[in-house]
file protein_15.tsv (TSV, C-alpha atoms)
chain	number	residue	atom	x	y	z
G	130	MET	CA	58.06	-77.28	-23.61
G	131	GLN	CA	61.28	-78.59	-22.17
G	132	MET	CA	61.10	-81.77	-20.17
G	133	THR	CA	62.37	-81.60	-16.62
G	134	SER	CA	64.42	-84.68	-17.39
G	135	SER	CA	66.46	-82.81	-19.99
G	136	ILE	CA	67.99	-80.60	-17.27
G	137	ARG	CA	70.82	-82.42	-15.55
G	138	ARG	CA	70.93	-81.96	-11.78
G	139	PRO	CA	73.37	-84.64	-10.51
G	140	ALA	CA	73.82	-83.06	-7.09
G	141	PHE	CA	70.07	-83.04	-6.52
G	142	ALA	CA	69.74	-86.60	-7.79
G	143	LEU	CA	72.45	-87.93	-5.49
G	144	ALA	CA	70.83	-86.12	-2.58
G	145	ALA	CA	67.52	-87.80	-3.42
G	146	ALA	CA	69.19	-91.20	-3.48
G	147	GLY	CA	70.75	-90.39	-0.12
G	148	LEU	CA	67.34	-89.57	1.31
G	149	LEU	CA	66.10	-92.95	0.17
G	150	LEU	CA	68.88	-94.57	2.16
G	151	ALA	CA	67.58	-92.90	5.28
G	152	PHE	CA	64.34	-94.86	4.84
G	153	TRP	CA	66.24	-98.11	4.26
G	154	PRO	CA	69.11	-98.22	6.80
G	155	GLN	CA	69.73	-101.88	5.98
G	156	ALA	CA	71.22	-100.90	2.62
G	157	ALA	CA	74.99	-101.16	2.65
G	158	PRO	CA	76.85	-97.85	2.09
G	159	ALA	CA	79.29	-99.68	-0.19
G	160	GLN	CA	76.40	-100.65	-2.45
G	161	MET	CA	75.14	-97.11	-2.65
G	162	GLY	CA	78.64	-95.96	-3.47
G	163	ALA	CA	78.46	-97.88	-6.73
G	164	GLY	CA	77.46	-94.62	-8.39
G	165	VAL	CA	75.79	-94.19	-11.75
G	166	GLY	CA	75.25	-97.37	-13.73
G	167	GLU	CA	77.78	-98.20	-16.44
G	168	GLY	CA	76.99	-95.97	-19.39
G	169	GLY	CA	74.21	-94.34	-17.36
G	170	ARG	CA	71.92	-97.36	-17.74
G	171	ILE	CA	70.26	-99.99	-15.54
G	172	GLU	CA	72.67	-102.77	-14.62
G	173	LEU	CA	70.71	-105.10	-12.25
G	174	PRO	CA	72.53	-106.52	-9.21
G	175	SER	CA	72.05	-110.20	-10.01
G	176	THR	CA	74.50	-113.00	-10.74
G	177	SER	CA	71.75	-115.04	-12.42
G	178	GLU	CA	71.85	-114.49	-16.16
G	179	ALA	CA	68.53	-116.33	-16.47
G	180	ALA	CA	66.91	-113.94	-13.96
G	181	ARG	CA	68.33	-110.95	-15.82
G	182	ALA	CA	67.00	-112.28	-19.12
G	183	GLU	CA	63.50	-112.77	-17.67
G	184	PHE	CA	63.62	-109.27	-16.18
G	185	TRP	CA	64.44	-107.65	-19.52
G	186	SER	CA	61.78	-109.70	-21.28
G	187	GLY	CA	59.25	-108.68	-18.65
G	188	LEU	CA	60.16	-105.01	-18.82
G	189	ARG	CA	59.92	-105.11	-22.62
G	190	SER	CA	56.46	-106.64	-22.36
G	191	LEU	CA	55.27	-104.01	-19.87
G	192	ASN	CA	56.70	-101.19	-21.97
G	193	ASN	CA	54.79	-102.57	-24.94
G	194	ILE	CA	51.52	-102.84	-22.97
G	195	HIS	CA	51.46	-106.64	-22.78
G	196	PHE	CA	50.80	-106.92	-19.07
G	197	THR	CA	49.88	-110.61	-19.08
G	198	ALA	CA	53.28	-111.59	-20.47
G	199	GLY	CA	55.11	-109.01	-18.36
G	200	ARG	CA	53.67	-110.29	-15.09
G	201	ALA	CA	54.62	-113.87	-15.92
G	202	GLN	CA	58.16	-112.99	-17.00
G	203	LEU	CA	58.84	-110.85	-13.95
G	204	ALA	CA	57.44	-113.57	-11.68
G	205	LYS	CA	59.88	-116.00	-13.30
G	206	ALA	CA	62.74	-113.54	-12.74
G	207	LEU	CA	61.86	-113.43	-9.05
G	208	GLU	CA	61.74	-117.23	-8.86
G	209	LEU	CA	65.30	-117.26	-10.17
G	210	ASP	CA	66.49	-114.39	-7.95
G	211	GLU	CA	64.08	-113.23	-5.26
G	212	SER	CA	66.37	-110.32	-4.31
G	213	LEU	CA	65.86	-108.56	-7.65
G	214	GLY	CA	64.15	-105.49	-6.21
G	215	LEU	CA	63.33	-103.66	-9.44
G	216	ALA	CA	61.66	-106.79	-10.79
G	217	ARG	CA	59.57	-107.06	-7.62
G	218	VAL	CA	58.41	-103.44	-7.81
G	219	LEU	CA	57.39	-103.82	-11.44
G	220	TRP	CA	55.68	-107.16	-10.80
G	221	ALA	CA	53.75	-105.81	-7.80
G	222	THR	CA	52.60	-102.80	-9.82
G	223	PHE	CA	50.79	-105.06	-12.31
G	224	ALA	CA	50.09	-108.17	-10.24
G	225	GLN	CA	46.45	-108.92	-9.53
G	226	ILE	CA	46.87	-109.20	-5.77
G	227	PRO	CA	45.15	-107.57	-2.76
G	228	THR	CA	46.16	-103.96	-2.11
G	229	ALA	CA	47.79	-104.70	1.25
G	230	GLN	CA	49.96	-107.41	-0.32
G	231	ARG	CA	50.82	-105.16	-3.24
G	232	ASP	CA	52.00	-102.39	-0.91
G	233	MET	CA	54.11	-104.86	1.08
G	234	GLU	CA	55.71	-106.19	-2.12
G	235	LEU	CA	56.43	-102.65	-3.33
G	236	ASP	CA	58.15	-101.80	-0.05
G	237	ARG	CA	60.23	-104.97	-0.16
G	238	GLY	CA	61.16	-104.30	-3.78
G	239	VAL	CA	62.43	-100.80	-3.05
G	240	LYS	CA	64.38	-102.12	-0.07
G	241	ASP	CA	66.01	-104.83	-2.21
G	242	ALA	CA	66.72	-102.33	-5.01
G	243	ALA	CA	69.21	-100.65	-2.67
G	244	ALA	CA	71.59	-103.49	-3.55
G	245	GLY	CA	72.00	-101.88	-6.98
G	246	THR	CA	73.08	-98.44	-8.05
G	247	PRO	CA	71.49	-95.25	-6.67
G	248	GLY	CA	69.80	-94.78	-10.02
G	249	GLU	CA	68.08	-98.17	-9.80
G	250	LEU	CA	66.98	-97.42	-6.24
G	251	ALA	CA	65.56	-94.06	-7.32
G	252	PHE	CA	63.81	-95.69	-10.29
G	253	ALA	CA	62.26	-98.41	-8.12
G	254	ALA	CA	61.09	-95.85	-5.56
G	255	ALA	CA	59.65	-93.66	-8.32
G	256	ILE	CA	57.61	-96.55	-9.73
G	257	ARG	CA	56.33	-97.34	-6.24
G	258	ALA	CA	55.29	-93.71	-5.72
G	259	GLN	CA	53.56	-93.66	-9.11
G	260	THR	CA	51.74	-96.91	-8.34
G	261	LEU	CA	50.54	-95.47	-5.03
G	262	ASN	CA	49.38	-92.31	-6.82
G	263	ARG	CA	51.87	-90.11	-4.98
G	264	GLN	CA	52.50	-88.05	-8.08
G	265	ASP	CA	54.62	-85.22	-6.67
G	266	GLU	CA	56.94	-87.75	-5.04
G	267	ALA	CA	57.04	-89.78	-8.24
G	268	ARG	CA	58.06	-86.76	-10.35
G	269	THR	CA	60.87	-85.91	-7.93
G	270	LEU	CA	62.18	-89.47	-7.87
G	271	PHE	CA	61.91	-89.95	-11.64
G	272	ALA	CA	63.93	-86.75	-12.10
G	273	ALA	CA	66.58	-88.19	-9.78
G	274	ALA	CA	66.55	-91.52	-11.61
G	275	GLN	CA	67.02	-89.80	-14.97
G	276	ASP	CA	69.92	-87.74	-13.66
G	277	LEU	CA	71.58	-90.91	-12.40
G	278	LEU	CA	70.69	-93.05	-15.44
G	279	PRO	CA	70.65	-90.46	-18.24
G	280	ASN	CA	71.21	-92.96	-21.06
G	281	ASP	CA	68.51	-95.44	-20.15
G	282	PRO	CA	65.39	-95.12	-22.33
G	283	ASN	CA	63.34	-97.24	-19.92
G	284	VAL	CA	63.75	-94.64	-17.19
G	285	ALA	CA	62.86	-91.77	-19.53
G	286	TYR	CA	59.82	-93.70	-20.74
G	287	TRP	CA	58.41	-94.40	-17.29
G	288	ALA	CA	59.17	-90.86	-16.19
G	289	GLY	CA	57.14	-89.56	-19.12
G	290	PHE	CA	53.92	-90.74	-17.51
G	291	SER	CA	54.57	-88.59	-14.43
G	292	THR	CA	56.17	-85.55	-16.06
G	293	ASN	CA	52.94	-83.54	-16.20
G	294	PRO	CA	50.23	-83.45	-13.52
G	295	PRO	CA	46.74	-84.75	-14.31
G	296	GLY	CA	44.69	-82.34	-16.39
G	297	THR	CA	47.66	-81.12	-18.44
G	298	PRO	CA	46.56	-80.19	-22.00
G	299	ALA	CA	47.12	-82.97	-24.50
G	300	TYR	CA	49.49	-80.90	-26.63
G	301	GLU	CA	51.86	-80.51	-23.68
G	302	ASN	CA	51.85	-84.27	-23.12
G	303	ALA	CA	52.60	-84.73	-26.82
G	304	LEU	CA	55.67	-82.56	-26.39
G	305	VAL	CA	56.86	-84.78	-23.54
G	306	TRP	CA	56.69	-87.88	-25.73
G	307	ARG	CA	58.21	-86.11	-28.71
G	308	ASN	CA	61.14	-85.27	-26.44
G	309	VAL	CA	61.56	-88.92	-25.40
G	310	THR	CA	61.46	-90.18	-29.00
G	311	GLU	CA	64.02	-87.58	-30.06
G	312	ARG	CA	66.37	-88.58	-27.25
G	313	PHE	CA	65.90	-92.31	-27.89
G	314	PRO	CA	64.70	-92.69	-31.49
G	315	GLU	CA	65.16	-96.49	-31.52
G	316	PHE	CA	63.19	-97.03	-28.31
G	317	ALA	CA	59.93	-98.27	-29.76
G	318	PRO	CA	57.40	-97.93	-26.88
G	319	ALA	CA	57.73	-94.15	-26.70
G	320	HIS	CA	56.56	-93.87	-30.32
G	321	ASN	CA	53.40	-95.71	-29.28
G	322	ILE	CA	52.48	-93.19	-26.59
G	323	LEU	CA	53.46	-90.33	-28.89
G	324	ALA	CA	51.05	-91.64	-31.54
G	325	TYR	CA	48.10	-91.60	-29.16
G	326	THR	CA	48.89	-88.15	-27.75
G	327	LEU	CA	49.25	-86.73	-31.26
G	328	TYR	CA	45.91	-88.22	-32.20
G	329	GLN	CA	44.38	-86.57	-29.11
G	330	VAL	CA	45.50	-83.14	-30.30
G	331	GLY	CA	44.06	-83.73	-33.75
G	332	ASP	CA	47.24	-84.38	-35.71
G	333	GLU	CA	46.09	-87.66	-37.24
G	334	ALA	CA	48.76	-87.73	-39.95
G	335	ALA	CA	51.61	-87.38	-37.45
G	336	ALA	CA	49.96	-89.93	-35.16
G	337	LEU	CA	49.83	-92.50	-37.95
G	338	GLU	CA	53.45	-91.78	-38.83
G	339	ALA	CA	54.47	-92.34	-35.19
G	340	VAL	CA	52.59	-95.63	-34.95
G	341	ARG	CA	54.11	-96.80	-38.24
G	342	THR	CA	57.53	-96.11	-36.74
G	343	TYR	CA	56.50	-98.13	-33.69
G	344	ALA	CA	55.46	-101.08	-35.85
G	345	ARG	CA	58.67	-100.86	-37.88
G	346	LEU	CA	60.85	-100.98	-34.77
G	347	VAL	CA	59.16	-104.01	-33.16
G	348	PRO	CA	57.31	-105.93	-35.91
G	349	ASP	CA	57.41	-109.14	-33.85
G	350	HIS	CA	55.33	-107.77	-30.97
G	351	PRO	CA	51.52	-107.70	-30.96
G	352	ASN	CA	50.97	-104.25	-29.47
G	353	PRO	CA	52.40	-102.19	-32.37
G	354	HIS	CA	49.97	-103.89	-34.72
G	355	ASP	CA	47.14	-103.44	-32.21
G	356	SER	CA	47.91	-99.73	-31.85
G	357	TYR	CA	48.16	-99.25	-35.61
G	358	ALA	CA	44.87	-101.10	-36.03
G	359	GLU	CA	43.13	-98.94	-33.44
G	360	LEU	CA	44.17	-95.67	-35.06
G	361	LEU	CA	43.14	-96.99	-38.48
G	362	GLN	CA	39.80	-98.01	-36.98
G	363	TRP	CA	39.28	-94.48	-35.66
G	364	GLU	CA	40.04	-93.22	-39.16
G	365	GLY	CA	37.36	-95.50	-40.61
G	366	ARG	CA	39.92	-97.58	-42.54
G	367	LEU	CA	38.33	-100.83	-41.41
G	368	ASP	CA	39.89	-103.33	-43.82
G	369	GLU	CA	43.41	-102.16	-43.00
G	370	SER	CA	42.55	-102.07	-39.31
G	371	ALA	CA	41.30	-105.67	-39.37
G	372	MET	CA	44.50	-106.81	-41.04
G	373	HIS	CA	46.66	-105.40	-38.21
G	374	TYR	CA	44.38	-106.66	-35.43
G	375	GLN	CA	44.57	-110.10	-37.01
G	376	ARG	CA	48.36	-109.92	-37.17
G	377	ALA	CA	48.57	-108.92	-33.50
G	378	PHE	CA	46.40	-111.85	-32.42
G	379	GLU	CA	48.40	-114.26	-34.59
G	380	LEU	CA	51.68	-113.10	-33.02
G	381	ASP	CA	50.39	-113.80	-29.50
G	382	PRO	CA	46.90	-115.24	-28.87
G	383	THR	CA	47.17	-114.27	-25.19
G	384	PHE	CA	47.07	-110.64	-26.32
G	385	VAL	CA	43.28	-110.76	-26.30
G	386	GLU	CA	42.93	-106.99	-26.72
G	387	ALA	CA	43.65	-107.52	-30.42
G	388	ALA	CA	40.81	-110.02	-30.69
G	389	VAL	CA	38.45	-107.55	-29.02
G	390	GLY	CA	39.49	-104.86	-31.51
G	391	LEU	CA	39.06	-107.19	-34.46
G	392	ALA	CA	35.59	-108.15	-33.23
G	393	GLU	CA	34.66	-104.46	-32.99
G	394	VAL	CA	35.73	-103.94	-36.58
G	395	ARG	CA	33.72	-106.94	-37.76
G	396	HIS	CA	30.65	-105.54	-36.00
G	397	LEU	CA	31.17	-102.19	-37.71
G	398	GLN	CA	31.28	-104.09	-40.98
G	399	GLY	CA	28.01	-105.84	-40.15
G	400	ARG	CA	29.64	-109.23	-39.55
G	401	GLY	CA	28.39	-110.05	-36.06
G	402	THR	CA	28.63	-113.83	-36.38
G	403	GLU	CA	32.31	-113.54	-37.29
G	404	ALA	CA	32.84	-111.16	-34.38
G	405	ARG	CA	31.46	-113.74	-31.96
G	406	THR	CA	33.71	-116.43	-33.40
G	407	ILE	CA	36.71	-114.19	-32.75
G	408	ILE	CA	35.68	-113.44	-29.15
G	409	THR	CA	35.02	-117.13	-28.49
G	410	SER	CA	38.54	-117.91	-29.70
G	411	ALA	CA	39.96	-115.24	-27.38
G	412	ILE	CA	38.12	-116.72	-24.37
G	413	GLY	CA	40.22	-119.85	-24.76
G	414	HIS	CA	43.37	-117.76	-24.36
G	415	ALA	CA	42.24	-115.64	-21.39
G	416	SER	CA	44.99	-115.41	-18.79
G	417	THR	CA	42.79	-114.80	-15.72
G	418	PRO	CA	39.17	-115.37	-14.65
G	419	GLN	CA	38.63	-111.60	-14.77
G	420	VAL	CA	39.73	-111.42	-18.40
G	421	ARG	CA	37.57	-114.42	-19.25
G	422	THR	CA	34.53	-112.80	-17.62
G	423	GLY	CA	35.12	-109.59	-19.54
G	424	LEU	CA	35.24	-111.49	-22.81
G	425	HIS	CA	32.00	-113.32	-22.01
G	426	ARG	CA	30.37	-109.94	-21.41
G	427	ARG	CA	31.60	-108.75	-24.78
G	428	LEU	CA	30.20	-111.89	-26.33
G	429	ALA	CA	26.79	-111.13	-24.81
G	430	LEU	CA	27.03	-107.49	-25.89
G	431	SER	CA	27.68	-108.58	-29.47
G	432	TYR	CA	24.08	-109.81	-29.75
G	433	LEU	CA	22.81	-106.42	-28.62
G	434	MET	CA	25.06	-104.74	-31.19
G	435	ASP	CA	23.51	-106.91	-33.90

call {"tool": "encode", "arguments": {"input": "protein_15.tsv", "output": "structure tokens"}}
result
Amino acid sequence: MQMTSSIRRPAFALAAAGLLLAFWPQAAPAQMGAGVGEGGRIELPSTSEAARAEFWSGLRSLNNIHFTAGRAQLAKALELDESLGLARVLWATFAQIPTAQRDMELDRGVKDAAAGTPGELAFAAAIRAQTLNRQDEARTLFAAAQDLLPNDPNVAYWAGFSTNPPGTPAYENALVWRNVTERFPEFAPAHNILAYTLYQVGDEAAALEAVRTYARLVPDHPNPHDSYAELLQWEGRLDESAMHYQRAFELDPTFVEAAVGLAEVRHLQGRGTEARTIITSAIGHASTPQVRTGLHRRLALSYLMD
């Protein structure tokens, strides 16, 4: 299957960006005339290098499924430059705030994103639509963003989650992620999603190869080790799985998902006391009361599993 994003429709994309302007008349025409980002990639309209650095760190964390770190880094970016619209949209998507406040922050973020290129505006609006579960709108806007920012792997990655409607067979979703990894072979997060979709269709060998590629590309991040550990756990390779869960938790103790996985493996190995020690350690690193409560529940459940 050919991804929609692989078909270039610049006229359509520019028209979509123009439609966005109609919703945000405060955006300056000169800003929208900036055109496609340099090299077809996200540029960010900020003079604060520190804000830009926090944004990229936050986006990297989100792409690699470390939402605790991503939220904090994007919040820091907004402290340094509150007009950074794309950062606000991404932060609001994952912030643990009331729905009404989230929607208000999303709207403000899209409005502020008009200070950048049309591609960044389309990308911000696409993420907002996806967050609000307006999937048809999201697919249209992601297609526009990819046409305007064709060389940016972040845009292709986020678009991948909206390419197919819910209920699409797993093998078709696997083709979407194979397409992204072929276009951007050094962009690690896409290999992660590819691994899981391949496992869903029953190609365990290819899934493990994809997750090994993911771990090779970003060995310093906890999620590649967590993903590798989870697939190994599903394969019944518990000793290897435990080793990668342990590595993920060592790299970042706030990545408590790795501790939960390691505890599961220890239970499967009949080592319930050790599992509880691991969960107790994770409780001390919980980032929010909700996460802490969830870990306490897992601790209680461990006695039932014994």

call {"tool": "residues_around", "arguments": {"input": "protein_15.tsv", "residues": "G:Val340", "least_positions_apart": "3", "cutoff": "6 Å", "atoms": "all atoms listed in the file", "output": "PyMOL selection string"}}
result
chain G and resi 321+324+337+343+357

call {"tool": "closest_residue", "arguments": {"input": "protein_15.tsv", "among": "G:His350, G:His195, G:Arg400, G:Lys205", "to": "G:Ala180", "atoms": "all atoms listed in the file"}}
result
G:Lys205

call {"tool": "residues_around", "arguments": {"input": "protein_15.tsv", "residues": "G:Val347", "least_positions_apart": "3", "cutoff": "12 Å", "atoms": "all atoms listed in the file", "output": "number ranges by chain"}}
result
G: 189-190, 192-193, 315-321, 340-344, 350-354, 377, 380

call {"tool": "closest_residue", "arguments": {"input": "protein_15.tsv", "among": "G:Phe196, G:Phe378, G:Asn308, G:Val420", "to": "G:Asp349", "atoms": "only C-alpha atoms"}}
result
G:Phe378

call {"tool": "atom_distance", "arguments": {"input": "protein_15.tsv", "atom1": "atom CA of G:Arg426", "atom2": "atom CA of G:Ser370"}}
result
23.0 Å

call {"tool": "residues_around", "arguments": {"input": "protein_15.tsv", "residues": "stretch 283-299 of chain G", "least_positions_apart": "2", "cutoff": "10 Å", "atoms": "only C-alpha atoms", "output": "PyMOL selection string"}}
result
chain G and resi 132-135+170-171+188-189+192+248-249+252-253+255-256+259+262-272+274-281+301-306+308-310+312-313+316+318-319+322+325-331

call {"tool": "write_last_selection", "arguments": {"input": "protein_15.tsv", "atoms": "C-alpha atoms", "output": "short mmCIF file (atom, residue, chain, number, x, y, z; two decimals), in the coordinates of the input"}}
result
data_model
loop_
_atom_site.label_atom_id
_atom_site.label_comp_id
_atom_site.auth_asym_id
_atom_site.auth_seq_id
_atom_site.Cartn_x
_atom_site.Cartn_y
_atom_site.Cartn_z
CA MET G 132 61.10 -81.77 -20.17
CA THR G 133 62.37 -81.60 -16.62
CA SER G 134 64.42 -84.68 -17.39
CA SER G 135 66.46 -82.81 -19.99
CA ARG G 170 71.92 -97.36 -17.74
CA ILE G 171 70.26 -99.99 -15.54
CA LEU G 188 60.16 -105.01 -18.82
CA ARG G 189 59.92 -105.11 -22.62
CA ASN G 192 56.70 -101.19 -21.97
CA GLY G 248 69.80 -94.78 -10.02
CA GLU G 249 68.08 -98.17 -9.80
CA PHE G 252 63.81 -95.69 -10.29
CA ALA G 253 62.26 -98.41 -8.12
CA ALA G 255 59.65 -93.66 -8.32
CA ILE G 256 57.61 -96.55 -9.73
CA GLN G 259 53.56 -93.66 -9.11
CA ASN G 262 49.38 -92.31 -6.82
CA ARG G 263 51.87 -90.11 -4.98
CA GLN G 264 52.50 -88.05 -8.08
CA ASP G 265 54.62 -85.22 -6.67
CA GLU G 266 56.94 -87.75 -5.04
CA ALA G 267 57.04 -89.78 -8.24
CA ARG G 268 58.06 -86.76 -10.35
CA THR G 269 60.87 -85.91 -7.93
CA LEU G 270 62.18 -89.47 -7.87
CA PHE G 271 61.91 -89.95 -11.64
CA ALA G 272 63.93 -86.75 -12.10
CA ALA G 274 66.55 -91.52 -11.61
CA GLN G 275 67.02 -89.80 -14.97
CA ASP G 276 69.92 -87.74 -13.66
CA LEU G 277 71.58 -90.91 -12.40
CA LEU G 278 70.69 -93.05 -15.44
CA PRO G 279 70.65 -90.46 -18.24
CA ASN G 280 71.21 -92.96 -21.06
CA ASP G 281 68.51 -95.44 -20.15
CA GLU G 301 51.86 -80.51 -23.68
CA ASN G 302 51.85 -84.27 -23.12
CA ALA G 303 52.60 -84.73 -26.82
CA LEU G 304 55.67 -82.56 -26.39
CA VAL G 305 56.86 -84.78 -23.54
CA TRP G 306 56.69 -87.88 -25.73
CA ASN G 308 61.14 -85.27 -26.44
CA VAL G 309 61.56 -88.92 -25.40
CA THR G 310 61.46 -90.18 -29.00
CA ARG G 312 66.37 -88.58 -27.25
CA PHE G 313 65.90 -92.31 -27.89
CA PHE G 316 63.19 -97.03 -28.31
CA PRO G 318 57.40 -97.93 -26.88
CA ALA G 319 57.73 -94.15 -26.70
CA ILE G 322 52.48 -93.19 -26.59
CA TYR G 325 48.10 -91.60 -29.16
CA THR G 326 48.89 -88.15 -27.75
CA LEU G 327 49.25 -86.73 -31.26
CA TYR G 328 45.91 -88.22 -32.20
CA GLN G 329 44.38 -86.57 -29.11
CA VAL G 330 45.50 -83.14 -30.30
CA GLY G 331 44.06 -83.73 -33.75
#

call {"tool": "residues_around", "arguments": {"input": "protein_15.tsv", "residues": "stretch 213-228 of chain G", "least_positions_apart": "5", "cutoff": "10 Å", "atoms": "all atoms listed in the file", "output": "JSON, numbers by chain"}}
result
{"G": [171, 173, 174, 175, 177, 180, 181, 183, 184, 185, 187, 188, 191, 196, 197, 199, 200, 201, 202, 203, 204, 205, 206, 207, 208, 233, 234, 235, 236, 237, 238, 239, 240, 241, 242, 243, 244, 245, 249, 250, 252, 253, 254, 255, 256, 257, 259, 260, 261, 417, 419]}

call {"tool": "write_last_selection", "arguments": {"input": "protein_15.tsv", "atoms": "C-alpha atoms", "output": "compact mmCIF listing (two decimals), in the frame of the given file"}}
result
# COMPACT_ATOMS: atom_id res chain seq x y z
CA ILE G 171 70.26 -99.99 -15.54
CA LEU G 173 70.71 -105.10 -12.25
CA PRO G 174 72.53 -106.52 -9.21
CA SER G 175 72.05 -110.20 -10.01
CA SER G 177 71.75 -115.04 -12.42
CA ALA G 180 66.91 -113.94 -13.96
CA ARG G 181 68.33 -110.95 -15.82
CA GLU G 183 63.50 -112.77 -17.67
CA PHE G 184 63.62 -109.27 -16.18
CA TRP G 185 64.44 -107.65 -19.52
CA GLY G 187 59.25 -108.68 -18.65
CA LEU G 188 60.16 -105.01 -18.82
CA LEU G 191 55.27 -104.01 -19.87
CA PHE G 196 50.80 -106.92 -19.07
CA THR G 197 49.88 -110.61 -19.08
CA GLY G 199 55.11 -109.01 -18.36
CA ARG G 200 53.67 -110.29 -15.09
CA ALA G 201 54.62 -113.87 -15.92
CA GLN G 202 58.16 -112.99 -17.00
CA LEU G 203 58.84 -110.85 -13.95
CA ALA G 204 57.44 -113.57 -11.68
CA LYS G 205 59.88 -116.00 -13.30
CA ALA G 206 62.74 -113.54 -12.74
CA LEU G 207 61.86 -113.43 -9.05
CA GLU G 208 61.74 -117.23 -8.86
CA MET G 233 54.11 -104.86 1.08
CA GLU G 234 55.71 -106.19 -2.12
CA LEU G 235 56.43 -102.65 -3.33
CA ASP G 236 58.15 -101.80 -0.05
CA ARG G 237 60.23 -104.97 -0.16
CA GLY G 238 61.16 -104.30 -3.78
CA VAL G 239 62.43 -100.80 -3.05
CA LYS G 240 64.38 -102.12 -0.07
CA ASP G 241 66.01 -104.83 -2.21
CA ALA G 242 66.72 -102.33 -5.01
CA ALA G 243 69.21 -100.65 -2.67
CA ALA G 244 71.59 -103.49 -3.55
CA GLY G 245 72.00 -101.88 -6.98
CA GLU G 249 68.08 -98.17 -9.80
CA LEU G 250 66.98 -97.42 -6.24
CA PHE G 252 63.81 -95.69 -10.29
CA ALA G 253 62.26 -98.41 -8.12
CA ALA G 254 61.09 -95.85 -5.56
CA ALA G 255 59.65 -93.66 -8.32
CA ILE G 256 57.61 -96.55 -9.73
CA ARG G 257 56.33 -97.34 -6.24
CA GLN G 259 53.56 -93.66 -9.11
CA THR G 260 51.74 -96.91 -8.34
CA LEU G 261 50.54 -95.47 -5.03
CA THR G 417 42.79 -114.80 -15.72
CA GLN G 419 38.63 -111.60 -14.77

call {"tool": "atom_distance", "arguments": {"input": "protein_15.tsv", "atom1": "atom CA of G:Glu364", "atom2": "atom CA of G:Ala339"}}
result
15.0 Å

call {"tool": "atom_distance", "arguments": {"input": "protein_15.tsv", "atom1": "atom CA of G:Glu359", "atom2": "atom CA of G:Pro314"}}
result
22.5 Å

call {"tool": "residues_around", "arguments": {"input": "protein_15.tsv", "residues": "stretch 387-394 of chain G", "least_positions_apart": "6", "cutoff": "7 Å", "atoms": "all atoms listed in the file", "output": "MDAnalysis selection string"}}
result
chainID G and resid 355 367 371 374:375 377:378 404 407:408 411

call {"tool": "closest_residue", "arguments": {"input": "protein_15.tsv", "among": "G:Val385, G:Arg421, G:Arg376, G:Tyr300", "to": "G:Pro348", "atoms": "all atoms listed in the file"}}
result
G:Arg376

call {"tool": "closest_residue", "arguments": {"input": "protein_15.tsv", "among": "G:Ala336, G:Phe384, G:Glu178, G:Gln398", "to": "G:Arg366", "atoms": "all atoms listed in the file"}}
result
G:Gln398

call {"tool": "closest_residue", "arguments": {"input": "protein_15.tsv", "among": "G:Ala334, G:Thr176, G:Arg345, G:Asp232", "to": "G:Ala258", "atoms": "all atoms listed in the file"}}
result
G:Asp232
